[in-house]
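Q: Below you'll find the structure I mean.
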Amino acid sequence: MNNKSEIKVRPHELVAEALRERIRSGQWRGGQMIPGRRDLAKEFGVALTTVERGVITLISEGLLRADDRRGTFVTSSFGAPKSEPALAPVAPTAREPVVGTVGVIAPIVPYETASAHESQWPFQILEGCEHRFAAETGLTLRFVNTVVRGGTDLSVSEAANRLLAERVVATILIAHEPTPDVLAKFQSAGVPLILAVFDPVSVCVPQVYIDGVLGGAMAARHLIERGYRPLLYFQPFHTYWAEQRLAGVKSGIESLGMPPHILRVLPVDAGLQVGQADEQQRMARAGAEAAFESGAILQGAGVIAPNDSIAMGFMEAAAARGWKAGRDYGIIGFDDRARDHGLTSLRPPVVSLGEEAARLALGLLRAEDAPYRVALRHRLIARTSTEPRKPATKAHFQGRGLRFTLLELLVVVAILAILMTLTLPVLRHALEQVRLAKCQSNLHQLSLAQFLYLEDATVFAPHRQWVLGSWDEPSLEGIRTGLIFPYLTTVDAYYCPTFALVCGKDTTTRSYVMNWNVAGLNSDLGSQEIWKPTQAHHPSRVALFAEENTWIVPGFSLYTINDGSLCAPDWPLRDTLATFHLSSDYSSPPIYDGSCDVVFLDGHVEIRTTDETLQVMYDVR
């Protein structure tokens, strides 16, 4: 029976519900800091990662918020909706009124159209400030724009001089980082300075910002829970805000108990400039096209882009290959500026940024115990680009109970026999093409796993440790204990289907070997340790893995694939290659007229004869 009462609730969901109840019951009040993760784990008797997953759940629901370096707090309005709220009237405060002028400095471009003007983040932050200050009857707002139409823009220092000359009681600086001279001016005048910025800054000033680390964790969690694997963090250039979001992605993966190797980061070119949104989109498309060509992007992957422009560039490259977001892959961006394209995105709470900055300023003017830093979270807006991946449904067919006479059955059998006679050669060739494609795919996956291992390794992998054990052992232990198995866990990828046809399915668990010269084991031939393809002068001409023959084929091989590597040609017992593919006859070994698959250092696979392959096995200089 599948009763609802039998459905197993996961431990982190129980922790999340217990924390919700403490907020609903009033045990934890708005603005109160909750106990540390270790204390909660000890109280509930669960693992630390279980508590972390429960806390992140409440953060994503808006019940909790994380303040940088201070702790996790109950939000003041834990029942608020997750979308950007409309500006509701703020009731006048019943506390002692604040009297004076509050200054605001922001860079707002005077665009011609109202829509362009009002879509600017600094403008929306300013609106949030004005909305919050409207409830203070004794306050006057004095705004200084650092962007001057038709003139020279003001520096923050010049704007500060204007406000201090008017004896403001506090100043909010929007989307600017203060210089040391600006900080000195406000400190000397005894005027509080509050920052409303997109990302935290290192200066010792009260500030409100958007938590990019938490945003990255939310993006990773969303894709993982919707069934996308592996994850790909895609950034065509290097910026500090992209690195913050990447740190959050890694944290989100860890908090869900997932292995870190499900995440790949590519490509990063430190020489590229960030540029405007359209330039970012062009760079992202070019980077994505290169990644598709190299085979680094797999179907079913979840892609996280640092912003929506980069996400759109990736989607353009994917669409050119016939891939559709939400079907062949999932993708999520930041900033929520591409909603017309169905892109799931993390919307920054820019209006709330202004409101919180104003609230922090009022707290400082009233000498209240206000937080030094306030971190706001993004709001996840799920759209069609991250549709949940559903397993394929099974079709159910029901027979109709048709009956045939004996003569009819004999006619059908005769027709089938004739058709099989006519189509058998074509079918045989088609089946070999399928086996050949599978073999080439296996070799490509092995090369990717080898270089993924080398990216993480501190010591070069000896050529005989990519797999362990003898080739003819009946178990898979030799593959599972090999150094690259964590990067390629599909055991069928270590075995060629044509090899199984020729030698038998139960003779070995693997049929590929590594070119030992790329591990630097033959100095006489100029071989070296190859950590990356660029170390070889011609990576497209140097083999990495190939197919080696076995003594199962009588009279053909002088040596076996027991050690997982190809020997040099000057050894007394030289290794030979398995030329099984596209052979004229599989039933009468030895087989001399076929070819073997080889994957090269640059990741491409070719089918070659034995003599052609030996030319690319040894000289790696």
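By convention here, the chains of the structure tokens are called A, B, ... in the order presented, each chain's residues are numbered starting at 1, and ligands are numbered starting at 1 in the order presented.
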What parts of range 118-364 of chain A does DSSP call helix (DSSP H, G or I)? I'd like the answer as a compact mmCIF listing (two decimals) with N, CA, C and O atoms, in the first residue's frame.

A:
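Output (out05.txt):
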```txt
# COMPACT_ATOMS: atom_id res chain seq x y z
N GLU A 118 13.43 54.67 -14.86
CA GLU A 118 12.94 54.03 -13.65
C GLU A 118 13.43 52.59 -13.50
O GLU A 118 13.29 52.01 -12.43
N TRP A 121 18.75 50.42 -11.24
CA TRP A 121 18.80 49.96 -9.86
C TRP A 121 19.02 51.11 -8.88
O TRP A 121 18.34 51.16 -7.85
N PRO A 122 19.95 52.06 -9.13
CA PRO A 122 20.10 53.16 -8.17
C PRO A 122 18.80 53.95 -7.98
O PRO A 122 18.50 54.40 -6.87
N PHE A 123 18.02 54.11 -9.07
CA PHE A 123 16.75 54.83 -8.96
C PHE A 123 15.78 54.06 -8.06
O PHE A 123 15.09 54.64 -7.22
N GLN A 124 15.72 52.73 -8.25
CA GLN A 124 14.81 51.92 -7.44
C GLN A 124 15.24 51.89 -5.97
O GLN A 124 14.40 51.86 -5.06
N ILE A 125 16.55 51.88 -5.73
CA ILE A 125 17.04 51.93 -4.34
C ILE A 125 16.65 53.27 -3.71
O ILE A 125 16.21 53.32 -2.55
N LEU A 126 16.78 54.36 -4.48
CA LEU A 126 16.39 55.68 -3.98
C LEU A 126 14.89 55.70 -3.65
O LEU A 126 14.48 56.28 -2.63
N GLU A 127 14.08 55.05 -4.50
CA GLU A 127 12.65 54.98 -4.21
C GLU A 127 12.38 54.28 -2.89
O GLU A 127 11.51 54.67 -2.11
N GLY A 128 13.14 53.21 -2.62
CA GLY A 128 12.98 52.51 -1.35
C GLY A 128 13.32 53.39 -0.17
O GLY A 128 12.62 53.37 0.87
N CYS A 129 14.38 54.20 -0.30
CA CYS A 129 14.74 55.14 0.77
C CYS A 129 13.61 56.15 1.00
O CYS A 129 13.19 56.42 2.14
N GLU A 130 13.12 56.72 -0.11
CA GLU A 130 12.06 57.73 0.01
C GLU A 130 10.80 57.15 0.64
O GLU A 130 10.14 57.80 1.46
N HIS A 131 10.49 55.91 0.27
CA HIS A 131 9.30 55.26 0.81
C HIS A 131 9.40 55.10 2.32
O HIS A 131 8.45 55.36 3.06
N ARG A 132 10.57 54.67 2.78
CA ARG A 132 10.73 54.47 4.23
C ARG A 132 10.77 55.79 4.99
O ARG A 132 10.19 55.93 6.07
N PHE A 133 11.43 56.80 4.44
CA PHE A 133 11.53 58.09 5.12
C PHE A 133 10.20 58.86 5.12
O PHE A 133 10.03 59.81 5.88
N VAL A 156 32.18 61.52 -5.59
CA VAL A 156 31.51 61.30 -4.31
C VAL A 156 31.99 62.33 -3.28
O VAL A 156 31.22 62.81 -2.45
N SER A 157 33.26 62.70 -3.38
CA SER A 157 33.80 63.70 -2.44
C SER A 157 33.12 65.06 -2.62
O SER A 157 32.77 65.73 -1.64
N GLU A 158 32.86 65.47 -3.87
CA GLU A 158 32.18 66.74 -4.13
C GLU A 158 30.73 66.70 -3.63
O GLU A 158 30.23 67.66 -3.04
N ALA A 159 30.07 65.56 -3.86
CA ALA A 159 28.69 65.42 -3.38
C ALA A 159 28.64 65.46 -1.86
O ALA A 159 27.74 66.06 -1.26
N ALA A 160 29.62 64.84 -1.21
CA ALA A 160 29.68 64.85 0.25
C ALA A 160 29.86 66.27 0.78
O ALA A 160 29.25 66.67 1.78
N ASN A 161 30.70 67.07 0.11
CA ASN A 161 30.91 68.46 0.54
C ASN A 161 29.61 69.25 0.52
O ASN A 161 29.32 70.04 1.42
N ARG A 162 28.80 69.04 -0.52
CA ARG A 162 27.53 69.76 -0.62
C ARG A 162 26.60 69.41 0.54
O ARG A 162 25.97 70.28 1.14
N LEU A 163 26.51 68.10 0.84
CA LEU A 163 25.60 67.68 1.90
C LEU A 163 26.09 68.13 3.28
O LEU A 163 25.31 68.57 4.12
N LEU A 164 27.39 68.01 3.53
CA LEU A 164 27.91 68.41 4.83
C LEU A 164 27.77 69.91 5.04
O LEU A 164 27.59 70.38 6.18
N ALA A 165 27.84 70.68 3.95
CA ALA A 165 27.64 72.13 4.07
C ALA A 165 26.20 72.46 4.47
O ALA A 165 25.95 73.52 5.06
N PRO A 180 38.89 56.86 1.05
CA PRO A 180 39.33 57.24 2.41
C PRO A 180 39.06 58.69 2.75
O PRO A 180 38.72 59.00 3.90
N ASP A 181 39.19 59.62 1.79
CA ASP A 181 38.95 61.04 2.12
C ASP A 181 37.47 61.29 2.42
O ASP A 181 37.14 62.12 3.27
N VAL A 182 36.58 60.57 1.73
CA VAL A 182 35.15 60.72 2.01
C VAL A 182 34.83 60.19 3.41
O VAL A 182 34.09 60.82 4.17
N LEU A 183 35.40 59.05 3.77
CA LEU A 183 35.18 58.51 5.10
C LEU A 183 35.67 59.48 6.18
O LEU A 183 35.01 59.70 7.19
N ALA A 184 36.83 60.09 5.93
CA ALA A 184 37.39 61.02 6.91
C ALA A 184 36.48 62.24 7.09
O ALA A 184 36.32 62.75 8.21
N LYS A 185 35.87 62.72 6.00
CA LYS A 185 34.99 63.89 6.09
C LYS A 185 33.78 63.60 6.97
O LYS A 185 33.42 64.42 7.83
N PHE A 186 33.14 62.46 6.78
CA PHE A 186 31.95 62.15 7.57
C PHE A 186 32.31 61.86 9.03
O PHE A 186 31.58 62.23 9.95
N GLN A 187 33.45 61.19 9.24
CA GLN A 187 33.87 60.92 10.61
C GLN A 187 34.20 62.22 11.35
O GLN A 187 33.85 62.39 12.52
N SER A 188 34.86 63.14 10.65
CA SER A 188 35.21 64.41 11.27
C SER A 188 33.96 65.22 11.63
O SER A 188 33.91 65.89 12.66
N ALA A 189 32.93 65.16 10.78
CA ALA A 189 31.70 65.91 11.03
C ALA A 189 30.77 65.18 12.00
O ALA A 189 29.76 65.75 12.43
N GLY A 212 25.36 37.68 -2.40
CA GLY A 212 25.61 36.88 -3.59
C GLY A 212 25.95 35.43 -3.28
O GLY A 212 25.67 34.53 -4.07
N VAL A 213 26.59 35.18 -2.13
CA VAL A 213 26.93 33.81 -1.75
C VAL A 213 25.66 32.99 -1.52
O VAL A 213 25.52 31.86 -2.02
N LEU A 214 24.72 33.56 -0.79
CA LEU A 214 23.44 32.87 -0.57
C LEU A 214 22.70 32.68 -1.90
O LEU A 214 22.08 31.65 -2.13
N GLY A 215 22.79 33.67 -2.80
CA GLY A 215 22.14 33.53 -4.10
C GLY A 215 22.69 32.35 -4.88
O GLY A 215 21.94 31.60 -5.52
N GLY A 216 24.03 32.17 -4.86
CA GLY A 216 24.62 31.02 -5.53
C GLY A 216 24.15 29.70 -4.95
O GLY A 216 23.89 28.74 -5.67
N ALA A 217 24.02 29.64 -3.60
CA ALA A 217 23.52 28.43 -2.96
C ALA A 217 22.08 28.14 -3.36
O ALA A 217 21.71 26.98 -3.60
N MET A 218 21.25 29.18 -3.47
CA MET A 218 19.87 28.99 -3.89
C MET A 218 19.80 28.46 -5.32
O MET A 218 18.97 27.59 -5.64
N ALA A 219 20.67 28.98 -6.20
CA ALA A 219 20.67 28.52 -7.60
C ALA A 219 21.05 27.04 -7.69
O ALA A 219 20.41 26.26 -8.40
N ALA A 220 22.10 26.64 -6.95
CA ALA A 220 22.54 25.24 -6.98
C ALA A 220 21.44 24.32 -6.45
O ALA A 220 21.14 23.27 -7.03
N ARG A 221 20.83 24.72 -5.36
CA ARG A 221 19.79 23.89 -4.76
C ARG A 221 18.60 23.73 -5.71
O ARG A 221 18.05 22.64 -5.85
N HIS A 222 18.21 24.81 -6.37
CA HIS A 222 17.06 24.76 -7.29
C HIS A 222 17.31 23.76 -8.41
O HIS A 222 16.44 22.93 -8.73
N LEU A 223 18.50 23.80 -9.03
CA LEU A 223 18.79 22.90 -10.14
C LEU A 223 18.90 21.45 -9.67
O LEU A 223 18.40 20.53 -10.34
N ILE A 224 19.55 21.23 -8.53
CA ILE A 224 19.71 19.86 -8.03
C ILE A 224 18.36 19.26 -7.69
O ILE A 224 18.07 18.10 -8.03
N GLU A 225 17.50 20.02 -7.01
CA GLU A 225 16.19 19.49 -6.63
C GLU A 225 15.28 19.26 -7.82
O GLU A 225 14.33 18.49 -7.73
N TYR A 240 34.73 39.85 -9.34
CA TYR A 240 34.58 39.53 -7.92
C TYR A 240 33.17 39.06 -7.61
O TYR A 240 32.96 38.16 -6.79
N TRP A 241 32.14 39.67 -8.26
CA TRP A 241 30.77 39.27 -7.94
C TRP A 241 30.45 37.88 -8.48
O TRP A 241 29.67 37.13 -7.89
N ALA A 242 31.08 37.52 -9.61
CA ALA A 242 30.89 36.16 -10.12
C ALA A 242 31.54 35.14 -9.19
O ALA A 242 31.02 34.04 -8.98
N GLU A 243 32.69 35.50 -8.61
CA GLU A 243 33.36 34.60 -7.68
C GLU A 243 32.54 34.41 -6.40
O GLU A 243 32.52 33.33 -5.82
N GLN A 244 31.87 35.49 -5.95
CA GLN A 244 31.02 35.37 -4.77
C GLN A 244 29.89 34.37 -5.02
O GLN A 244 29.59 33.52 -4.17
N ARG A 245 29.27 34.47 -6.17
CA ARG A 245 28.16 33.57 -6.49
C ARG A 245 28.67 32.13 -6.67
O ARG A 245 27.97 31.17 -6.31
N LEU A 246 29.89 31.98 -7.21
CA LEU A 246 30.47 30.64 -7.33
C LEU A 246 30.72 30.03 -5.96
O LEU A 246 30.47 28.84 -5.75
N ALA A 247 31.20 30.83 -5.00
CA ALA A 247 31.40 30.33 -3.64
C ALA A 247 30.08 29.84 -3.05
O ALA A 247 30.03 28.82 -2.36
N GLY A 248 28.99 30.55 -3.34
CA GLY A 248 27.68 30.12 -2.88
C GLY A 248 27.23 28.83 -3.53
O GLY A 248 26.61 27.97 -2.88
N VAL A 249 27.53 28.66 -4.82
CA VAL A 249 27.17 27.41 -5.51
C VAL A 249 27.86 26.22 -4.84
O VAL A 249 27.24 25.19 -4.56
N LYS A 250 29.15 26.38 -4.55
CA LYS A 250 29.88 25.29 -3.89
C LYS A 250 29.31 25.01 -2.51
O LYS A 250 29.18 23.85 -2.11
N SER A 251 28.95 26.07 -1.78
CA SER A 251 28.37 25.89 -0.45
C SER A 251 27.03 25.18 -0.54
O SER A 251 26.71 24.31 0.28
N GLY A 252 26.21 25.54 -1.54
CA GLY A 252 24.92 24.88 -1.70
C GLY A 252 25.05 23.41 -2.02
O GLY A 252 24.28 22.58 -1.51
N ILE A 253 26.02 23.05 -2.85
CA ILE A 253 26.26 21.64 -3.18
C ILE A 253 26.66 20.87 -1.93
O ILE A 253 26.17 19.77 -1.66
N GLU A 254 27.55 21.47 -1.13
CA GLU A 254 28.01 20.81 0.09
C GLU A 254 26.87 20.64 1.10
O GLU A 254 26.74 19.60 1.74
N SER A 255 26.03 21.67 1.22
CA SER A 255 24.94 21.60 2.20
C SER A 255 23.91 20.53 1.85
O SER A 255 23.21 20.02 2.71
N PRO A 260 31.52 17.19 -4.48
CA PRO A 260 31.94 18.43 -5.14
C PRO A 260 32.24 18.28 -6.62
O PRO A 260 32.17 19.27 -7.37
N HIS A 261 32.58 17.07 -7.08
CA HIS A 261 32.96 16.92 -8.48
C HIS A 261 31.76 16.98 -9.44
O HIS A 261 31.95 16.89 -10.66
N ILE A 262 30.52 17.13 -8.91
CA ILE A 262 29.40 17.31 -9.84
C ILE A 262 29.40 18.73 -10.43
O ILE A 262 28.62 19.01 -11.32
N ALA A 277 26.13 44.85 -21.30
CA ALA A 277 25.32 43.63 -21.35
C ALA A 277 25.40 42.93 -22.70
O ALA A 277 25.53 41.71 -22.77
N ASP A 278 25.33 43.69 -23.81
CA ASP A 278 25.38 43.05 -25.12
C ASP A 278 26.76 42.44 -25.40
O ASP A 278 26.86 41.38 -26.02
N GLU A 279 27.84 43.08 -24.90
CA GLU A 279 29.16 42.51 -25.06
C GLU A 279 29.31 41.24 -24.24
O GLU A 279 29.90 40.25 -24.69
N GLN A 280 28.77 41.23 -23.03
CA GLN A 280 28.80 40.03 -22.20
C GLN A 280 28.07 38.89 -22.89
O GLN A 280 28.53 37.75 -22.88
N GLN A 281 26.94 39.19 -23.52
CA GLN A 281 26.17 38.15 -24.18
C GLN A 281 26.95 37.56 -25.36
O GLN A 281 26.95 36.35 -25.57
N ARG A 282 27.65 38.41 -26.14
CA ARG A 282 28.44 37.91 -27.26
C ARG A 282 29.59 37.04 -26.77
O ARG A 282 29.87 35.98 -27.34
N MET A 283 30.28 37.49 -25.71
CA MET A 283 31.39 36.70 -25.18
C MET A 283 30.88 35.36 -24.64
O MET A 283 31.54 34.32 -24.79
N ALA A 284 29.73 35.40 -23.98
CA ALA A 284 29.17 34.16 -23.43
C ALA A 284 28.81 33.18 -24.53
O ALA A 284 29.05 31.98 -24.40
N ARG A 285 28.25 33.69 -25.63
CA ARG A 285 27.90 32.78 -26.73
C ARG A 285 29.15 32.14 -27.32
O ARG A 285 29.17 30.93 -27.58
N ALA A 286 30.21 32.94 -27.52
CA ALA A 286 31.45 32.38 -28.06
C ALA A 286 32.04 31.34 -27.13
O ALA A 286 32.49 30.27 -27.56
N GLY A 287 32.04 31.61 -25.82
CA GLY A 287 32.55 30.64 -24.86
C GLY A 287 31.72 29.37 -24.83
O GLY A 287 32.26 28.27 -24.72
N ALA A 288 30.41 29.51 -24.93
CA ALA A 288 29.53 28.34 -24.91
C ALA A 288 29.72 27.48 -26.17
O ALA A 288 29.72 26.25 -26.11
N GLU A 289 29.89 28.14 -27.31
CA GLU A 289 30.11 27.39 -28.56
C GLU A 289 31.38 26.56 -28.47
O GLU A 289 31.42 25.40 -28.89
N ALA A 290 32.45 27.15 -27.89
CA ALA A 290 33.70 26.40 -27.72
C ALA A 290 33.50 25.23 -26.76
O ALA A 290 34.04 24.14 -26.98
N ALA A 291 32.73 25.43 -25.70
CA ALA A 291 32.48 24.36 -24.73
C ALA A 291 31.67 23.23 -25.36
O ALA A 291 31.93 22.05 -25.11
N PHE A 292 30.68 23.57 -26.20
CA PHE A 292 29.91 22.54 -26.90
C PHE A 292 30.81 21.74 -27.84
O PHE A 292 30.72 20.51 -27.92
N GLU A 293 31.70 22.42 -28.56
CA GLU A 293 32.58 21.74 -29.50
C GLU A 293 33.51 20.77 -28.79
O GLU A 293 33.84 19.71 -29.32
N SER A 294 33.97 21.12 -27.58
CA SER A 294 34.89 20.26 -26.85
C SER A 294 34.19 19.10 -26.14
O SER A 294 34.84 18.23 -25.58
N ASP A 308 22.11 37.45 -16.17
CA ASP A 308 21.19 37.04 -17.23
C ASP A 308 21.79 37.23 -18.62
O ASP A 308 21.46 36.49 -19.55
N SER A 309 22.67 38.22 -18.81
CA SER A 309 23.29 38.42 -20.12
C SER A 309 24.13 37.21 -20.50
O SER A 309 24.09 36.74 -21.64
N ILE A 310 24.89 36.69 -19.54
CA ILE A 310 25.70 35.50 -19.80
C ILE A 310 24.79 34.30 -20.06
O ILE A 310 25.05 33.49 -20.96
N ALA A 311 23.71 34.19 -19.31
CA ALA A 311 22.77 33.09 -19.52
C ALA A 311 22.17 33.15 -20.93
O ALA A 311 22.02 32.12 -21.60
N MET A 312 21.82 34.36 -21.40
CA MET A 312 21.23 34.48 -22.73
C MET A 312 22.23 34.09 -23.82
O MET A 312 21.86 33.47 -24.82
N GLY A 313 23.52 34.46 -23.63
CA GLY A 313 24.53 34.04 -24.60
C GLY A 313 24.64 32.53 -24.67
O GLY A 313 24.79 31.95 -25.75
N PHE A 314 24.60 31.86 -23.52
CA PHE A 314 24.65 30.40 -23.49
C PHE A 314 23.43 29.81 -24.19
O PHE A 314 23.54 28.86 -24.97
N MET A 315 22.25 30.36 -23.93
CA MET A 315 21.02 29.84 -24.53
C MET A 315 21.05 29.99 -26.05
O MET A 315 20.54 29.13 -26.78
N GLU A 316 21.65 31.08 -26.56
CA GLU A 316 21.76 31.26 -28.01
C GLU A 316 22.64 30.16 -28.62
O GLU A 316 22.29 29.59 -29.66
N ALA A 317 23.78 29.87 -27.97
CA ALA A 317 24.67 28.83 -28.49
C ALA A 317 23.99 27.47 -28.43
O ALA A 317 24.13 26.64 -29.35
N ALA A 318 23.24 27.20 -27.36
CA ALA A 318 22.55 25.92 -27.24
C ALA A 318 21.44 25.79 -28.28
O ALA A 318 21.26 24.72 -28.87
N ALA A 319 20.70 26.87 -28.52
CA ALA A 319 19.62 26.84 -29.51
C ALA A 319 20.16 26.56 -30.91
O ALA A 319 19.50 25.89 -31.72
N ALA A 320 21.36 27.07 -31.20
CA ALA A 320 21.96 26.84 -32.52
C ALA A 320 22.26 25.35 -32.74
O ALA A 320 22.37 24.90 -33.88
N ARG A 339 13.01 37.94 -18.58
CA ARG A 339 11.82 37.14 -18.29
C ARG A 339 11.07 36.74 -19.56
O ARG A 339 10.38 35.71 -19.58
N ASP A 340 11.17 37.53 -20.63
CA ASP A 340 10.46 37.20 -21.87
C ASP A 340 10.99 35.94 -22.52
O ASP A 340 10.33 35.36 -23.38
N HIS A 341 12.17 35.49 -22.14
CA HIS A 341 12.78 34.30 -22.73
C HIS A 341 12.60 33.07 -21.86
O HIS A 341 13.22 32.03 -22.13
N VAL A 350 16.12 45.18 -4.93
CA VAL A 350 16.71 46.52 -4.97
C VAL A 350 15.88 47.54 -4.18
O VAL A 350 16.44 48.43 -3.52
N VAL A 351 14.56 47.45 -4.25
CA VAL A 351 13.74 48.39 -3.49
C VAL A 351 13.95 48.17 -1.99
O VAL A 351 14.10 49.12 -1.21
N SER A 352 13.97 46.91 -1.59
CA SER A 352 14.21 46.61 -0.18
C SER A 352 15.59 47.07 0.27
O SER A 352 15.80 47.37 1.45
N LEU A 353 16.53 47.13 -0.67
CA LEU A 353 17.87 47.61 -0.34
C LEU A 353 17.80 49.05 0.17
O LEU A 353 18.43 49.42 1.15
N GLY A 354 17.00 49.90 -0.52
CA GLY A 354 16.84 51.27 -0.08
C GLY A 354 16.08 51.37 1.23
O GLY A 354 16.42 52.19 2.10
N GLU A 355 15.04 50.55 1.38
CA GLU A 355 14.26 50.58 2.62
C GLU A 355 15.12 50.19 3.83
O GLU A 355 15.06 50.82 4.88
N GLU A 356 15.92 49.14 3.67
CA GLU A 356 16.76 48.68 4.78
C GLU A 356 17.84 49.71 5.11
O GLU A 356 18.20 49.90 6.28
N ALA A 357 18.38 50.38 4.08
CA ALA A 357 19.38 51.41 4.34
C ALA A 357 18.77 52.57 5.12
O ALA A 357 19.38 53.12 6.06
N ALA A 358 17.54 52.96 4.76
CA ALA A 358 16.86 54.03 5.50
C ALA A 358 16.56 53.59 6.92
O ALA A 358 16.72 54.37 7.88
N ARG A 359 16.14 52.34 7.09
CA ARG A 359 15.85 51.83 8.43
C ARG A 359 17.11 51.80 9.28
O ARG A 359 17.09 52.13 10.48
N LEU A 360 18.24 51.41 8.67
CA LEU A 360 19.51 51.39 9.40
C LEU A 360 19.93 52.81 9.80
O LEU A 360 20.41 53.04 10.92
N ALA A 361 19.72 53.78 8.89
CA ALA A 361 20.05 55.17 9.20
C ALA A 361 19.21 55.68 10.37
O ALA A 361 19.73 56.35 11.28
N LEU A 362 17.92 55.38 10.39
CA LEU A 362 17.06 55.82 11.48
C LEU A 362 17.47 55.18 12.80
O LEU A 362 17.44 55.82 13.86
N GLY A 363 17.87 53.91 12.75
CA GLY A 363 18.33 53.26 13.97
C GLY A 363 19.57 53.90 14.54
O GLY A 363 19.71 54.08 15.75
N LEU A 364 20.49 54.30 13.67
CA LEU A 364 21.71 54.96 14.13
C LEU A 364 21.39 56.35 14.70
O LEU A 364 21.97 56.76 15.72
```

Q: From a DSSP calculation on the backbone, collect every residue of range 107-255 of chain A in strand (DSSP E or B) and output the set as an MDAnalysis selection string.

A: chainID A and resid 139:145 170:174 193:196 207:210 231:234

Q: Take the residues just selected and output them with N, CA, C and O atoms as a compact mmCIF listing (two decimals), in the first residue's frame.

A:
```
# COMPACT_ATOMS: atom_id res chain seq x y z
N LEU A 139 11.63 64.56 9.10
CA LEU A 139 12.82 64.43 8.26
C LEU A 139 12.60 65.05 6.88
O LEU A 139 11.50 65.00 6.32
N THR A 140 13.67 65.60 6.32
CA THR A 140 13.70 66.11 4.95
C THR A 140 14.78 65.35 4.19
O THR A 140 15.86 65.11 4.74
N LEU A 141 14.48 64.98 2.95
CA LEU A 141 15.43 64.22 2.14
C LEU A 141 16.13 65.17 1.16
O LEU A 141 15.46 65.94 0.46
N ARG A 142 17.44 65.11 1.12
CA ARG A 142 18.23 65.93 0.19
C ARG A 142 19.03 65.00 -0.70
O ARG A 142 19.94 64.31 -0.25
N PHE A 143 18.68 64.95 -2.01
CA PHE A 143 19.31 64.03 -2.96
C PHE A 143 20.34 64.77 -3.82
O PHE A 143 20.07 65.85 -4.35
N VAL A 144 21.52 64.16 -3.99
CA VAL A 144 22.56 64.69 -4.87
C VAL A 144 22.88 63.60 -5.89
O VAL A 144 23.30 62.50 -5.52
N ASN A 145 22.68 63.90 -7.17
CA ASN A 145 22.96 62.96 -8.26
C ASN A 145 24.40 63.20 -8.74
O ASN A 145 24.77 64.32 -9.08
N ALA A 170 22.53 62.59 8.56
CA ALA A 170 23.01 61.27 8.11
C ALA A 170 23.03 61.28 6.59
O ALA A 170 22.35 62.10 5.95
N THR A 171 23.80 60.35 6.01
CA THR A 171 23.90 60.26 4.55
C THR A 171 23.89 58.80 4.12
O THR A 171 24.55 57.96 4.74
N ILE A 172 23.12 58.53 3.08
CA ILE A 172 23.09 57.19 2.47
C ILE A 172 23.79 57.27 1.12
O ILE A 172 23.42 58.10 0.27
N LEU A 173 24.80 56.45 0.92
CA LEU A 173 25.56 56.41 -0.32
C LEU A 173 25.14 55.17 -1.10
O LEU A 173 25.31 54.04 -0.65
N ILE A 174 24.56 55.39 -2.30
CA ILE A 174 24.01 54.31 -3.12
C ILE A 174 24.96 53.97 -4.26
O ILE A 174 25.38 54.85 -5.02
N LEU A 193 27.38 57.56 8.04
CA LEU A 193 27.37 57.24 6.61
C LEU A 193 26.94 55.78 6.45
O LEU A 193 27.53 54.89 7.07
N ILE A 194 25.91 55.55 5.64
CA ILE A 194 25.38 54.20 5.43
C ILE A 194 25.49 53.88 3.94
O ILE A 194 25.13 54.71 3.10
N LEU A 195 25.98 52.69 3.62
CA LEU A 195 26.12 52.27 2.23
C LEU A 195 24.96 51.36 1.83
O LEU A 195 24.57 50.47 2.58
N ALA A 196 24.43 51.61 0.63
CA ALA A 196 23.45 50.72 0.01
C ALA A 196 24.08 50.24 -1.29
O ALA A 196 24.07 50.94 -2.29
N GLN A 207 26.49 49.02 6.33
CA GLN A 207 26.11 48.83 4.93
C GLN A 207 25.01 47.79 4.80
O GLN A 207 24.88 46.88 5.62
N VAL A 208 24.23 47.96 3.75
CA VAL A 208 23.20 47.00 3.36
C VAL A 208 23.57 46.51 1.96
O VAL A 208 23.86 47.33 1.08
N TYR A 209 23.56 45.21 1.74
CA TYR A 209 23.98 44.66 0.46
C TYR A 209 23.18 43.40 0.15
O TYR A 209 22.42 42.90 0.99
N ILE A 210 23.36 42.90 -1.06
CA ILE A 210 22.68 41.68 -1.49
C ILE A 210 23.66 40.52 -1.37
O ILE A 210 24.78 40.60 -1.87
N LEU A 231 26.38 19.98 -12.56
CA LEU A 231 26.22 21.42 -12.58
C LEU A 231 27.41 22.05 -13.28
O LEU A 231 28.55 21.61 -13.12
N LEU A 232 27.13 23.11 -14.02
CA LEU A 232 28.17 23.84 -14.75
C LEU A 232 28.05 25.32 -14.41
O LEU A 232 27.00 25.93 -14.67
N TYR A 233 29.10 25.88 -13.81
CA TYR A 233 29.12 27.32 -13.54
C TYR A 233 29.84 27.97 -14.72
O TYR A 233 31.03 27.76 -14.93
N PHE A 234 29.11 28.76 -15.49
CA PHE A 234 29.61 29.26 -16.76
C PHE A 234 29.90 30.75 -16.66
O PHE A 234 28.99 31.56 -16.49
```

Q: Hey, can you check how far CA of Val168 in chain A sits from CA of Ala114 in chain A?

A: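 Interatomic distance here is 29.7 Å.
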
Q: Name the residues in contact with range 53-68 of chain A at a cut-off of 9 Å, using only C-alpha atoms, excluding same-chain residues fewer than 4 positions from it; report them as JSON, numbers by chain.

A: {"A": [11, 12, 13, 14, 15, 16, 17, 19, 20, 23, 34, 37, 48, 49, 72, 73, 74, 75, 76, 77, 78, 79, 80, 81, 82, 200, 211, 214, 217, 218, 252, 255, 256, 371, 373, 374, 375, 376, 377, 378, 379, 380]}
